[in-house]
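Enquirer: Just passing along the structure, written as structure tokens.
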Amino acid sequence: MVAARAPVSLAHAALRCRCPRCGEGRIFAGLLTVRQNCPACGLDLSAEDAGDGPAVFLIFFLGALAVGIAALIEIAFSPPIWVHLMILTPLIIGGAIGLLRPLKACMIALQYRHNLLDPPGH
């Protein structure tokens with residue numbers, strides 16, 4: 001039986017990629033590989049199933065941002081296509097790499113918060 005703990009904020013769990021129950025243990029063993037258990041509190045993370053949710057949200061967000069920036073640059077300056085590529089390629093690649101882990105951690109924390117990872121009675 002796990003002792004009652006103060007709830008970990010969704011932002012803390014997502015942005016720091018920490019366990020949604022204790023807020024201490026790292027939930028990723030690799031870039032996007034989720035650990036089987038939290039190293040700090042032992043929360044079973046093997047039932048985690050974020051699926052394609054984080055990637056879909058990321059595509060929508062980065063796509064809207066990239067199209068908006070491209071439109072602003074085109075309207076203001078009308079540069080050649082290579083300027084768009086030089087500006088938007090690092091933004092899209094960096095944004096995808098930098099945001100995918102926190103979004104996946106957010107989905108895992110939401111699953112935990114709604115009792116999908118650690119249902120009552122465990």
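All residue names refer to the structure tokens as shown: chains lettered A, B, ... in order, residues numbered from 1 in each chain, ligands numbered from 1 in order.
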Which residues, written as a list in words, have at least one atom at most 10 Å from A:Val34, with only C-alpha atoms counted and residues fewer than 5 positions away on the same chain left out?

Expert: Arg26, Ile27, Phe28, Ala29, Leu45, Ser46, Glu48, Asp49, Lys104, Ala105 and Ile108 of chain A

Enquirer: Quick one: residues within 8 Å of A:Ala13, only C-alpha atoms, excluding same-chain residues fewer than 5 positions away - as a CSV table (one decimal) with all heavy atoms, in the first residue's frame?

Expert:
```
chain,number,residue,atom,x,y,z
A,8,VAL,N,0.7,15.7,-7.4
A,8,VAL,CA,1.8,16.3,-8.2
A,8,VAL,C,1.1,17.1,-9.3
A,8,VAL,O,0.2,16.6,-10.0
A,8,VAL,CB,2.7,15.3,-8.8
A,8,VAL,CG1,3.8,15.9,-9.7
A,8,VAL,CG2,3.4,14.5,-7.7
A,18,ARG,N,8.6,13.7,-15.0
A,18,ARG,CA,8.7,13.0,-13.7
A,18,ARG,C,7.5,12.1,-13.5
A,18,ARG,O,6.4,12.3,-14.2
A,18,ARG,CB,8.8,13.9,-12.5
A,18,ARG,CG,10.0,14.8,-12.6
A,18,ARG,CD,11.3,14.1,-12.5
A,18,ARG,NE,12.4,15.0,-12.7
A,18,ARG,CZ,13.7,14.6,-12.3
A,18,ARG,NH1,13.9,13.4,-11.9
A,18,ARG,NH2,14.6,15.5,-12.5
A,19,CYS,N,7.5,11.3,-12.5
A,19,CYS,CA,6.4,10.4,-12.2
A,19,CYS,C,5.2,11.2,-11.8
A,19,CYS,O,5.3,12.1,-11.0
A,19,CYS,CB,6.9,9.5,-11.0
A,19,CYS,SG,5.5,8.5,-10.3
A,20,PRO,N,4.0,10.8,-12.3
A,20,PRO,CA,2.8,11.6,-12.0
A,20,PRO,C,2.3,11.3,-10.6
A,20,PRO,O,1.5,12.1,-10.0
A,20,PRO,CB,1.8,11.1,-13.0
A,20,PRO,CG,2.3,9.8,-13.4
A,20,PRO,CD,3.8,9.8,-13.3
A,23,GLY,N,6.3,12.6,-8.3
A,23,GLY,CA,7.0,13.8,-8.9
A,23,GLY,C,8.5,13.7,-8.8
A,23,GLY,O,9.2,14.7,-9.1
A,105,ALA,N,5.0,12.9,-21.5
A,105,ALA,CA,4.9,12.9,-20.1
A,105,ALA,C,3.5,13.5,-19.6
A,105,ALA,O,3.0,13.0,-18.6
A,105,ALA,CB,6.0,13.7,-19.4
A,106,CYS,N,3.0,14.5,-20.3
A,106,CYS,CA,1.7,15.1,-19.9
A,106,CYS,C,0.6,14.1,-20.2
A,106,CYS,O,-0.3,13.9,-19.3
A,106,CYS,CB,1.5,16.3,-20.8
A,106,CYS,SG,-0.1,17.1,-20.4
A,109,ALA,N,0.8,11.6,-17.4
A,109,ALA,CA,0.2,12.2,-16.1
A,109,ALA,C,-1.3,12.3,-16.2
A,109,ALA,O,-1.9,12.0,-15.1
A,109,ALA,CB,0.9,13.5,-15.9
```

Enquirer: With distances taken over only C-alpha atoms, which residue among A:Ala40, A:Leu91, A:Leu32, A:Val83 lies nearest A:Ala55?

Expert: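 So, comparing all the options, the nearest one is A:Leu32.
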
Enquirer: Please return as a ChimeraX atom specification: the residues of chain A that backbone DSSP assigns to alpha helix (DSSP H).

Expert: /A:10-15,53-77,81-113

Enquirer: Extract the full set of strand (DSSP E or B) residues from chain A according to DSSP on the backbone, and format it as a list in words.

Expert: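 Strand (DSSP E or B) assignments inside chain A correspond to Arg18, Arg26, Phe28, Val34, Asn37 and Asp44 of chain A.
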
Enquirer: Counting only C-alpha atoms, which of A:Met107, A:Cys41, A:Ala70, A:Ile75 gets nearest to A:Phe57?

Expert: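 Once distances to A:Phe57 are computed over only C-alpha atoms, the minimum belongs to A:Met107.
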